[in-house]
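Containing mmCIF, C-alpha atoms: model38.cif.
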data_work
loop_
_atom_site.group_PDB
_atom_site.id
_atom_site.type_symbol
_atom_site.label_atom_id
_atom_site.label_comp_id
_atom_site.auth_asym_id
_atom_site.auth_seq_id
_atom_site.Cartn_x
_atom_site.Cartn_y
_atom_site.Cartn_z
ATOM 1 C CA MET A 23 -8.803 58.088 -51.649
ATOM 2 C CA GLY A 24 -5.744 59.540 -49.974
ATOM 3 C CA CYS A 25 -7.732 62.552 -48.743
ATOM 4 C CA ILE A 26 -10.428 60.356 -47.212
ATOM 5 C CA GLN A 27 -7.794 58.322 -45.371
ATOM 6 C CA SER A 28 -6.182 61.520 -44.127
ATOM 7 C CA ILE A 29 -9.487 62.880 -42.778
ATOM 8 C CA THR A 30 -10.240 59.573 -41.028
ATOM 9 C CA CYS A 31 -6.789 59.492 -39.476
ATOM 10 C CA LYS A 32 -7.105 63.028 -38.131
ATOM 11 C CA ALA A 33 -10.523 62.221 -36.660
ATOM 12 C CA ARG A 34 -9.042 59.708 -34.222
ATOM 13 C CA ILE A 35 -7.775 60.510 -30.734
ATOM 14 C CA ARG A 36 -4.244 59.156 -30.379
ATOM 15 C CA ARG A 37 -1.893 58.877 -27.416
ATOM 16 C CA GLU A 38 0.617 61.257 -28.947
ATOM 17 C CA ASN A 39 -2.068 63.968 -29.109
ATOM 18 C CA ILE A 40 -2.846 63.764 -25.363
ATOM 19 C CA VAL A 41 -0.629 65.735 -22.989
ATOM 20 C CA VAL A 42 -0.239 64.580 -19.388
ATOM 21 C CA TYR A 43 1.802 66.625 -16.924
ATOM 22 C CA ASP A 44 2.194 67.364 -13.210
ATOM 23 C CA VAL A 45 1.586 63.721 -12.352
ATOM 24 C CA CYS A 46 1.809 63.300 -8.600
ATOM 25 C CA ALA A 47 1.422 60.208 -6.397
ATOM 26 C CA THR A 48 2.119 60.294 -2.658
ATOM 27 C CA ILE A 49 1.215 58.670 0.635
ATOM 28 C CA ASP A 50 0.951 61.055 3.561
ATOM 29 C CA GLN A 51 4.049 60.874 5.759
ATOM 30 C CA CYS A 52 2.245 60.268 9.015
ATOM 31 C CA PRO A 53 1.793 57.073 11.023
ATOM 32 C CA THR A 54 -1.365 54.995 11.097
ATOM 33 C CA ARG A 55 -3.650 56.294 13.836
ATOM 34 C CA ILE A 56 -5.069 53.755 16.305
ATOM 35 C CA GLU A 57 -8.420 54.403 17.979
ATOM 36 C CA GLU A 58 -9.253 52.579 21.213
ATOM 37 C CA THR A 59 -12.467 54.309 22.236
ATOM 38 C CA SER A 60 -14.880 51.407 21.775
ATOM 39 C CA PRO A 61 -15.101 48.334 24.054
ATOM 40 C CA ILE A 62 -16.270 46.342 21.016
ATOM 41 C CA VAL A 63 -13.794 47.216 18.254
ATOM 42 C CA LEU A 64 -10.367 48.643 17.623
ATOM 43 C CA ARG A 65 -10.259 51.086 14.730
ATOM 44 C CA TYR A 66 -7.265 52.360 12.816
ATOM 45 C CA LYS A 67 -6.879 54.930 10.086
ATOM 46 C CA THR A 68 -3.980 54.775 7.664
ATOM 47 C CA PRO A 69 -2.454 57.762 5.863
ATOM 48 C CA TYR A 70 -3.966 58.651 2.494
ATOM 49 C CA PHE A 71 -2.684 57.596 -0.898
ATOM 50 C CA LYS A 72 -3.220 60.522 -3.274
ATOM 51 C CA ALA A 73 -2.848 60.738 -7.045
ATOM 52 C CA SER A 74 -3.413 63.669 -9.381
ATOM 53 C CA ALA A 75 -2.572 64.751 -12.906
ATOM 54 C CA ARG A 76 -3.238 67.526 -15.391
ATOM 55 C CA VAL A 77 -4.410 66.547 -18.852
ATOM 56 C CA VAL A 78 -4.758 68.341 -22.186
ATOM 57 C CA MET A 79 -7.105 66.555 -24.600
ATOM 58 C CA PRO A 80 -7.193 67.463 -28.306
ATOM 59 C CA PRO A 81 -10.455 68.470 -30.009
ATOM 60 C CA ILE A 82 -12.918 65.595 -30.432
ATOM 61 C CA PRO A 83 -14.042 65.759 -34.075
ATOM 62 C CA ARG A 84 -16.703 63.032 -33.939
ATOM 63 C CA HIS A 85 -20.001 62.528 -32.129
ATOM 64 C CA GLU A 86 -18.407 60.419 -29.420
ATOM 65 C CA THR A 87 -17.735 60.649 -25.709
ATOM 66 C CA TRP A 88 -14.405 60.218 -23.967
ATOM 67 C CA VAL A 89 -13.862 59.764 -20.234
ATOM 68 C CA VAL A 90 -10.471 60.449 -18.661
ATOM 69 C CA GLY A 91 -9.829 59.249 -15.134
ATOM 70 C CA TRP A 92 -8.400 56.811 -12.631
ATOM 71 C CA ILE A 93 -8.860 53.040 -12.591
ATOM 72 C CA GLN A 94 -7.535 51.024 -9.655
ATOM 73 C CA ALA A 95 -7.152 47.315 -8.924
ATOM 74 C CA CYS A 96 -5.989 45.251 -5.970
ATOM 75 C CA ASP A 97 -3.319 42.754 -7.008
ATOM 76 C CA GLN A 98 -2.190 41.422 -3.619
ATOM 77 C CA MET A 99 -3.839 41.194 -0.204
ATOM 78 C CA GLU A 100 -2.956 39.815 3.204
ATOM 79 C CA PHE A 101 -4.942 40.997 6.190
ATOM 80 C CA PHE A 102 -4.717 38.845 9.299
ATOM 81 C CA ASN A 103 -6.223 39.522 12.686
ATOM 82 C CA THR A 104 -4.760 37.126 15.240
ATOM 83 C CA TYR A 105 -6.560 36.191 18.443
ATOM 84 C CA GLY A 106 -3.964 34.653 20.746
ATOM 85 C CA ASP A 107 -3.424 31.042 19.774
ATOM 86 C CA LEU A 108 -7.081 30.533 18.865
ATOM 87 C CA GLY A 109 -6.775 31.493 15.238
ATOM 88 C CA MET A 110 -6.852 34.340 12.767
ATOM 89 C CA SER A 111 -9.526 36.221 10.917
ATOM 90 C CA LEU A 112 -8.927 38.143 7.708
ATOM 91 C CA SER A 113 -10.951 41.352 7.821
ATOM 92 C CA ARG A 114 -12.789 43.121 5.038
ATOM 93 C CA LEU A 115 -11.072 45.289 2.495
ATOM 94 C CA ARG A 116 -10.936 48.959 3.410
ATOM 95 C CA PRO A 117 -13.892 51.137 2.515
ATOM 96 C CA ARG A 118 -13.892 54.430 0.669
ATOM 97 C CA PRO A 119 -14.382 57.606 2.712
ATOM 98 C CA SER A 120 -18.087 57.643 1.686
ATOM 99 C CA ASP A 121 -18.620 53.919 2.175
ATOM 100 C CA PRO A 122 -20.669 52.932 5.260
ATOM 101 C CA LYS A 123 -18.652 49.742 5.430
ATOM 102 C CA GLY A 124 -16.096 51.689 7.481
ATOM 103 C CA ILE A 125 -17.488 49.860 10.497
ATOM 104 C CA HIS A 126 -17.266 46.153 9.916
ATOM 105 C CA SER A 127 -19.885 44.026 11.571
ATOM 106 C CA SER A 128 -18.743 40.777 13.110
ATOM 107 C CA PRO A 129 -19.309 37.657 11.034
ATOM 108 C CA PRO A 130 -22.257 35.567 12.148
ATOM 109 C CA CYS A 131 -21.634 32.875 14.711
ATOM 110 C CA LEU A 132 -20.900 29.465 13.322
ATOM 111 C CA PRO A 133 -23.412 26.633 13.516
ATOM 112 C CA PRO A 134 -23.429 24.758 16.852
ATOM 113 C CA SER A 135 -20.546 22.325 17.260
ATOM 114 C CA PRO A 136 -21.234 18.594 17.533
ATOM 115 C CA PRO A 137 -21.517 17.349 21.136
ATOM 116 C CA GLY A 138 -18.162 17.103 22.851
ATOM 117 C CA ARG A 139 -16.382 19.403 20.378
ATOM 118 C CA SER A 140 -15.583 23.077 20.905
ATOM 119 C CA THR A 141 -15.740 25.213 17.779
ATOM 120 C CA LEU A 142 -13.040 27.634 18.976
ATOM 121 C CA SER A 143 -10.645 25.022 20.278
ATOM 122 C CA SER A 144 -10.708 23.120 16.980
ATOM 123 C CA SER A 145 -10.395 26.211 14.781
ATOM 124 C CA VAL A 146 -7.397 27.532 12.911
ATOM 125 C CA ARG A 147 -8.759 30.763 11.464
ATOM 126 C CA SER A 148 -11.557 32.534 9.726
ATOM 127 C CA SER A 149 -10.530 34.581 6.730
ATOM 128 C CA TRP A 150 -11.922 37.064 4.253
ATOM 129 C CA GLU A 151 -10.426 35.870 0.998
ATOM 130 C CA LEU A 152 -10.412 36.734 -2.693
ATOM 131 C CA PRO A 153 -10.416 33.190 -4.114
ATOM 132 C CA ASP A 154 -9.627 34.061 -7.734
ATOM 133 C CA LEU A 155 -6.719 36.274 -6.698
ATOM 134 C CA ARG A 156 -5.490 33.805 -4.081
ATOM 135 C CA GLU A 157 -5.509 30.899 -6.532
ATOM 136 C CA GLY A 158 -3.856 32.899 -9.310
ATOM 137 C CA ARG A 159 -6.836 32.700 -11.661
ATOM 138 C CA VAL A 160 -6.743 36.487 -12.093
ATOM 139 C CA LYS A 161 -3.927 39.011 -11.811
ATOM 140 C CA ALA A 162 -6.008 41.735 -10.206
ATOM 141 C CA ILE A 163 -9.525 42.574 -9.064
ATOM 142 C CA SER A 164 -11.334 45.850 -9.640
ATOM 143 C CA ASP A 165 -11.200 48.381 -6.823
ATOM 144 C CA SER A 166 -14.029 50.459 -8.243
ATOM 145 C CA ASP A 167 -16.553 52.085 -5.917
ATOM 146 C CA GLY A 168 -19.028 49.406 -7.047
ATOM 147 C CA VAL A 169 -21.084 51.867 -9.105
ATOM 148 C CA SER A 170 -18.794 53.632 -11.569
ATOM 149 C CA TYR A 171 -17.133 50.624 -13.247
ATOM 150 C CA PRO A 172 -14.404 50.609 -14.364
ATOM 151 C CA TRP A 173 -13.554 53.939 -12.704
ATOM 152 C CA TYR A 174 -12.437 54.301 -9.104
ATOM 153 C CA GLY A 175 -15.089 56.987 -8.616
ATOM 154 C CA ASN A 176 -17.055 59.592 -10.555
ATOM 155 C CA THR A 177 -16.410 62.930 -8.856
ATOM 156 C CA THR A 178 -12.863 64.289 -8.929
ATOM 157 C CA GLU A 179 -11.661 60.954 -10.329
ATOM 158 C CA THR A 180 -13.045 61.399 -13.880
ATOM 159 C CA VAL A 181 -13.811 64.022 -16.499
ATOM 160 C CA THR A 182 -16.265 63.392 -19.360
ATOM 161 C CA LEU A 183 -15.827 65.053 -22.758
ATOM 162 C CA ALA A 184 -18.638 64.913 -25.335
ATOM 163 C CA GLY A 185 -17.786 65.552 -28.991
ATOM 164 C CA PRO A 186 -17.654 67.093 -31.394
ATOM 165 C CA THR A 187 -15.485 69.863 -29.958
ATOM 166 C CA ASN A 188 -13.275 72.333 -31.822
ATOM 167 C CA LYS A 189 -10.997 73.320 -28.953
ATOM 168 C CA ILE A 190 -8.554 71.533 -26.699
ATOM 169 C CA SER A 191 -9.725 70.659 -23.174
ATOM 170 C CA ARG A 192 -7.610 71.266 -20.072
ATOM 171 C CA PHE A 193 -8.499 69.697 -16.734
ATOM 172 C CA SER A 194 -7.243 67.884 -13.644
ATOM 173 C CA VAL A 195 -8.223 64.507 -12.214
ATOM 174 C CA SER A 196 -7.458 63.326 -8.691
ATOM 175 C CA MET A 197 -8.223 60.514 -6.266
ATOM 176 C CA ASN A 198 -7.391 59.404 -2.752
ATOM 177 C CA ASP A 199 -7.616 56.154 -0.831
ATOM 178 C CA ASN A 200 -6.962 54.876 2.677
ATOM 179 C CA PHE A 201 -7.987 52.182 5.169
ATOM 180 C CA TYR A 202 -10.312 52.877 8.083
ATOM 181 C CA PRO A 203 -11.672 49.525 9.301
ATOM 182 C CA SER A 204 -12.840 48.147 12.621
ATOM 183 C CA VAL A 205 -11.526 44.938 14.169
ATOM 184 C CA THR A 206 -13.336 43.224 17.031
ATOM 185 C CA TRP A 207 -11.470 42.870 20.314
ATOM 186 C CA ALA A 208 -13.207 39.527 20.890
ATOM 187 C CA VAL A 209 -13.049 36.448 18.683
ATOM 188 C CA PRO A 210 -15.398 37.251 15.761
ATOM 189 C CA VAL A 211 -17.041 33.802 15.656
ATOM 190 C CA SER A 212 -17.866 33.728 19.344
ATOM 191 C CA ASP A 213 -20.595 35.281 21.484
ATOM 192 C CA SER A 214 -17.960 36.126 24.087
ATOM 193 C CA ASN A 215 -16.948 39.757 24.619
ATOM 194 C CA VAL A 216 -13.605 38.890 26.221
ATOM 195 C CA PRO A 217 -10.816 40.770 24.362
ATOM 196 C CA LEU A 218 -8.357 38.294 22.832
ATOM 197 C CA LEU A 219 -7.026 40.239 19.824
ATOM 198 C CA THR A 220 -3.213 40.145 19.824
ATOM 199 C CA ARG A 221 -2.051 41.226 16.357
ATOM 200 C CA ILE A 222 -3.242 42.997 13.209
ATOM 201 C CA LYS A 223 -1.079 42.614 10.153
ATOM 202 C CA ARG A 224 -2.090 43.989 6.787
ATOM 203 C CA ASP A 225 -0.269 44.187 3.479
ATOM 204 C CA GLN A 226 -2.050 45.234 0.281
ATOM 205 C CA SER A 227 -0.755 46.269 -3.122
ATOM 206 C CA PHE A 228 -2.538 48.235 -5.827
ATOM 207 C CA THR A 229 -2.027 49.369 -9.399
ATOM 208 C CA THR A 230 -3.608 52.662 -10.432
ATOM 209 C CA TRP A 231 -3.945 53.730 -14.049
ATOM 210 C CA LEU A 232 -4.757 57.081 -15.624
ATOM 211 C CA VAL A 233 -6.833 56.189 -18.678
ATOM 212 C CA ALA A 234 -8.666 57.856 -21.556
ATOM 213 C CA MET A 235 -11.582 55.720 -22.753
ATOM 214 C CA ASN A 236 -13.967 56.048 -25.687
ATOM 215 C CA THR A 237 -17.330 55.100 -24.174
ATOM 216 C CA THR A 238 -18.746 54.038 -27.545
ATOM 217 C CA THR A 239 -15.939 51.885 -28.924
ATOM 218 C CA LYS A 240 -14.412 51.027 -25.507
ATOM 219 C CA GLU A 241 -11.008 51.986 -26.881
ATOM 220 C CA LYS A 242 -8.625 52.605 -23.973
ATOM 221 C CA ILE A 243 -5.493 54.737 -23.996
ATOM 222 C CA ILE A 244 -3.310 54.239 -20.921
ATOM 223 C CA LEU A 245 -1.722 57.537 -19.933
ATOM 224 C CA GLN A 246 0.058 56.656 -16.674
ATOM 225 C CA THR A 247 0.645 53.683 -14.359
ATOM 226 C CA ILE A 248 1.255 53.917 -10.602
ATOM 227 C CA LYS A 249 2.133 51.177 -8.118
ATOM 228 C CA TRP A 250 1.588 51.550 -4.399
ATOM 229 C CA ARG A 251 1.421 49.502 -1.237
ATOM 230 C CA MET A 252 -0.013 49.961 2.246
ATOM 231 C CA ARG A 253 1.255 48.006 5.245
ATOM 232 C CA VAL A 254 -0.010 47.959 8.818
ATOM 233 C CA ASP A 255 1.388 46.038 11.783
ATOM 234 C CA ILE A 256 -0.277 46.519 15.163
ATOM 235 C CA GLN A 257 0.587 44.589 18.299
ATOM 236 C CA VAL A 258 -2.127 44.252 20.931
ATOM 237 C CA ASP A 259 -2.036 43.263 24.586
ATOM 238 C CA PRO A 260 -5.657 42.335 25.388
ATOM 239 C CA LEU A 261 -4.914 42.242 29.129
ATOM 240 C CA GLN A 262 -4.293 45.988 29.272
ATOM 241 C CA LEU A 263 -6.953 48.611 29.917
ATOM 242 C CA LEU A 264 -8.893 50.031 26.972
ATOM 243 C CA GLY A 265 -6.833 52.850 25.486
ATOM 244 C CA GLN A 266 -3.518 51.201 26.362
ATOM 245 C CA ARG A 267 -3.688 47.923 24.437
ATOM 246 C CA ALA A 268 -2.435 48.584 20.916
ATOM 247 C CA ARG A 269 0.745 50.012 19.431
ATOM 248 C CA LEU A 270 2.313 50.212 16.011
ATOM 249 C CA VAL A 271 5.298 47.973 15.366
ATOM 250 C CA GLY A 272 7.659 48.008 12.410
ATOM 251 C CA ARG A 273 7.754 50.963 10.046
ATOM 252 C CA THR A 274 5.725 54.038 10.965
ATOM 253 C CA GLN A 275 5.780 55.626 7.500
ATOM 254 C CA GLN A 276 4.689 54.066 4.240
ATOM 255 C CA GLU A 277 6.841 53.456 1.190
ATOM 256 C CA GLN A 278 6.093 56.100 -1.416
ATOM 257 C CA PRO A 279 4.242 55.136 -4.630
ATOM 258 C CA ARG A 280 6.129 54.444 -7.838
ATOM 259 C CA ILE A 281 5.173 56.295 -11.023
ATOM 260 C CA LEU A 282 6.210 53.877 -13.742
ATOM 261 C CA SER A 283 8.013 54.976 -16.884
ATOM 262 C CA ARG A 284 6.224 52.253 -18.842
ATOM 263 C CA MET A 285 2.503 51.844 -19.426
ATOM 264 C CA GLU A 286 1.475 48.576 -17.784
ATOM 265 C CA PRO A 287 -1.575 46.864 -19.372
ATOM 266 C CA ILE A 288 -4.842 46.657 -17.423
ATOM 267 C CA PRO A 289 -5.961 43.071 -16.588
ATOM 268 C CA PRO A 290 -9.534 42.351 -17.782
ATOM 269 C CA ASN A 291 -10.826 41.775 -14.242
ATOM 270 C CA ALA A 292 -9.753 45.257 -13.225
ATOM 271 C CA LEU A 293 -12.421 46.693 -15.546
ATOM 272 C CA VAL A 294 -15.538 44.731 -14.629
ATOM 273 C CA LYS A 295 -17.651 43.454 -11.756
ATOM 274 C CA PRO A 296 -17.184 42.270 -9.116
ATOM 275 C CA ASN A 297 -15.064 44.704 -7.218
ATOM 276 C CA ALA A 298 -12.862 43.493 -4.381
ATOM 277 C CA ASN A 299 -15.401 44.183 -1.633
ATOM 278 C CA ASP A 300 -18.082 42.146 -3.426
ATOM 279 C CA ALA A 301 -15.747 39.305 -4.454
ATOM 280 C CA GLN A 302 -14.523 38.461 -0.969
ATOM 281 C CA VAL A 303 -15.576 35.278 0.808
ATOM 282 C CA LEU A 304 -15.549 34.566 4.525
ATOM 283 C CA MET A 305 -14.047 31.122 5.132
ATOM 284 C CA TRP A 306 -13.796 29.113 8.340
ATOM 285 C CA ARG A 307 -10.882 26.685 8.307
ATOM 286 C CA PRO A 308 -10.972 24.147 11.144
ATOM 287 C CA LYS A 309 -8.101 21.866 12.078
ATOM 288 C CA ARG A 310 -10.246 18.895 11.142
ATOM 289 C CA GLY A 311 -12.722 18.596 8.311
ATOM 290 C CA PRO A 312 -13.344 20.668 5.206
ATOM 291 C CA PRO A 313 -13.412 24.480 5.249
ATOM 292 C CA LEU A 314 -16.787 26.151 5.631
ATOM 293 C CA VAL A 315 -18.078 29.104 3.622
ATOM 294 C CA VAL A 316 -19.651 31.373 6.235
ATOM 295 C CA ILE A 317 -20.477 34.277 3.892
ATOM 296 C CA PRO A 318 -20.423 33.778 0.094
ATOM 297 C CA PRO A 319 -19.501 36.558 -2.349
ATOM 298 C CA LYS A 320 -22.198 39.077 -3.208
#

In structure tokens, write the structure found in this file.
Amino acid sequence: MGCIQSITCKARIRRENIVVYDVCATIDQCPTRIEETSPIVLRYKTPYFKASARVVMPPIPRHETWVVGWIQACDQMEFFNTYGDLGMSLSRLRPRPSDPKGIHSSPPCLPPSPPGRSTLSSSVRSSWELPDLREGRVKAISDSDGVSYPWYGNTTETVTLAGPTNKISRFSVSMNDNFYPSVTWAVPVSDSNVPLLTRIKRDQSFTTWLVAMNTTTKEKIILQTIKWRMRVDIQVDPLQLLGQRARLVGRTQQEQPRILSRMEPIPPNALVKPNANDAQVLMWRPKRGPPLVVIPPK
């Protein structure tokens, strides 16, 4: 009986048998770049967050498959676009480099206002929100590409190992992330093209995990935890000529990511649908009356 137990024990992949080294997490030390080439939208591109690591996996003695890679979740988000004293809109989450959502379309116009009432003059803000995160019902929301759940992506971000194997496996995994959205110069719930945008302020926090997962049993071994944050603060003078309206205020370089010495657990919502882009809701919050859902979650 002792021999059988010993064989079973050796057949399992354990954390102490996995070697992780050369872990690196950085944010490029360059300022956010503002683009004022379009009369419709302002675009900005933040520096890239980059993470990489080298991994040595032991032989896989069973007929099972392991995936090693990066999982990321958004755990805090504020993204306000202010239009003078008319109100604020909270824009979409940033897309991936391959995501066509890099250019955000304007939300649809609101239903006609009752006679004698102006929609804009009675508004406070429109906002893209993550209700479960905002209300504290979840600690984090998946930041997967929307296809490769729970992984951030499926190219350089993951490596798949199919057993049985009789040799160790050496490989690298890497990922990168940044913001490259568009923000309308004009009020997004109006047909007017008059530029009124005065401020863009964005503050988002993420947790990124390096994980080894058994695809059959769903066993997860957390190998590394990284915390990072991206902040953007842009002041806009809509009365200036196009190309001279916007400037960065506050810090020009981002705080560098933190590679934690402890392995932080992964919240359940960080592993499953929906991802942050699909979970967001566009709300209209007037000064009077109940808020209106303009666009529900996907």

Original post:
Which value, in Å to one decimal, gives the distance between CA of Gly175 in chain A and CA of Cys96 in chain A?
Top reply: 15.1 Å

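Residues matched by the PyMOL selection byres ((chain A and resi 248-255) around 7) in this file are Ile222, Lys223, Arg224, Asp225, Gln226, Ser227, Phe228, Thr229, Thr230, Trp231, Gln246, Thr247, Ile256, Gln257, Leu270, Val271, Gly272, Gln276, Pro279, Arg280, Ile281 and Leu282 of chain A.
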
**OP:** Determine the residue membership of the PyMOL selection byres ((chain A and resi 292) around 6) for the file above and supply it as JSON, numbers by chain.
**Re:** {"A": [95, 162, 163, 164, 289, 290, 291, 293, 294]}

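In this comparison, which uses only C-alpha atoms, the residue of A:Ile190, A:Ala208, A:Val195, A:Leu304 approaching Val233 in chain A most closely is A:Val195.
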
Subject >> For Leu264 in chain A, the nearest of the candidates A:Glu57, A:Asp44, A:Asp50, A:Glu38, counting only C-alpha atoms >> reply: A:Glu57

Original post:
Between A:Arg76, A:Arg156, A:Arg84, A:Lys67, which has the minimum distance to Ser191 in chain A (counting only C-alpha atoms)?
Top reply: A:Arg76

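You can rank A:Val209, A:Leu218, A:Leu152, A:Val90 by their closest distance to Thr177 in chain A using all atoms listed in the file, and at the top of that list sits A:Val90.
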
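Between CA of Lys161 in chain A and CA of Ala75 in chain A there is a distance of 25.8 Å.
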
Taking (-10.5, 58.5, -12.5) as a centre in this file's frame and 8 Å as the limit, can you find every polymer residue with an atom that close, using only C-alpha atoms, and give them as a PDB file with C-alpha atoms, keeping the file's coordinate frame?
ATOM      1  CA  VAL A  90     -10.471  60.449 -18.661  1.00  0.00           C
ATOM      2  CA  GLY A  91      -9.829  59.249 -15.134  1.00  0.00           C
ATOM      3  CA  TRP A  92      -8.400  56.811 -12.631  1.00  0.00           C
ATOM      4  CA  ILE A  93      -8.860  53.040 -12.591  1.00  0.00           C
ATOM      5  CA  TRP A 173     -13.554  53.939 -12.704  1.00  0.00           C
ATOM      6  CA  TYR A 174     -12.437  54.301  -9.104  1.00  0.00           C
ATOM      7  CA  GLY A 175     -15.089  56.987  -8.616  1.00  0.00           C
ATOM      8  CA  ASN A 176     -17.055  59.592 -10.555  1.00  0.00           C
ATOM      9  CA  THR A 178     -12.863  64.289  -8.929  1.00  0.00           C
ATOM     10  CA  GLU A 179     -11.661  60.954 -10.329  1.00  0.00           C
ATOM     11  CA  THR A 180     -13.045  61.399 -13.880  1.00  0.00           C
ATOM     12  CA  VAL A 181     -13.811  64.022 -16.499  1.00  0.00           C
ATOM     13  CA  VAL A 195      -8.223  64.507 -12.214  1.00  0.00           C
ATOM     14  CA  SER A 196      -7.458  63.326  -8.691  1.00  0.00           C
ATOM     15  CA  MET A 197      -8.223  60.514  -6.266  1.00  0.00           C
ATOM     16  CA  LEU A 232      -4.757  57.081 -15.624  1.00  0.00           C
ATOM     17  CA  VAL A 233      -6.833  56.189 -18.678  1.00  0.00           C
TER      18      VAL A 233
END

Where's the centre, and what are the edge lengths in Å to one decimal, of a box along x, y and z enclosing all listed atoms of range 245-256 of chain A padded 8 Å per side, as lines of an AutoDock Vina configuration file?
center_x = 0.2
center_y = 51.8
center_z = -2.4
size_x = 19.9
size_y = 27.5
size_z = 51.1

Subject >> Option closest in space to Ile62 in chain A, from A:Ser204, A:Ser212, A:Gln98, A:Gln266 [counting all atoms listed in the file] >> reply: A:Ser204

**OP:** Starting from the point (-7.8, 77.0, -22.6), work out which residues of protein, DNA or RNA have an atom no more than 12 Å away when counting all atoms listed in the file; state them as a PyMOL selection string.
**Re:** chain A and resi 77-81+188-193

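CA of Leu261 in chain A lies 7.7 Å from CA of Pro217 in chain A.
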
**OP:** Spell out the residues picked by the PyMOL selection byres ((chain A and resi 83) around 8) here, as a VMD selection string.
**Re:** chain A and resid 33 to 34 81 to 82 84 to 85 185 to 188
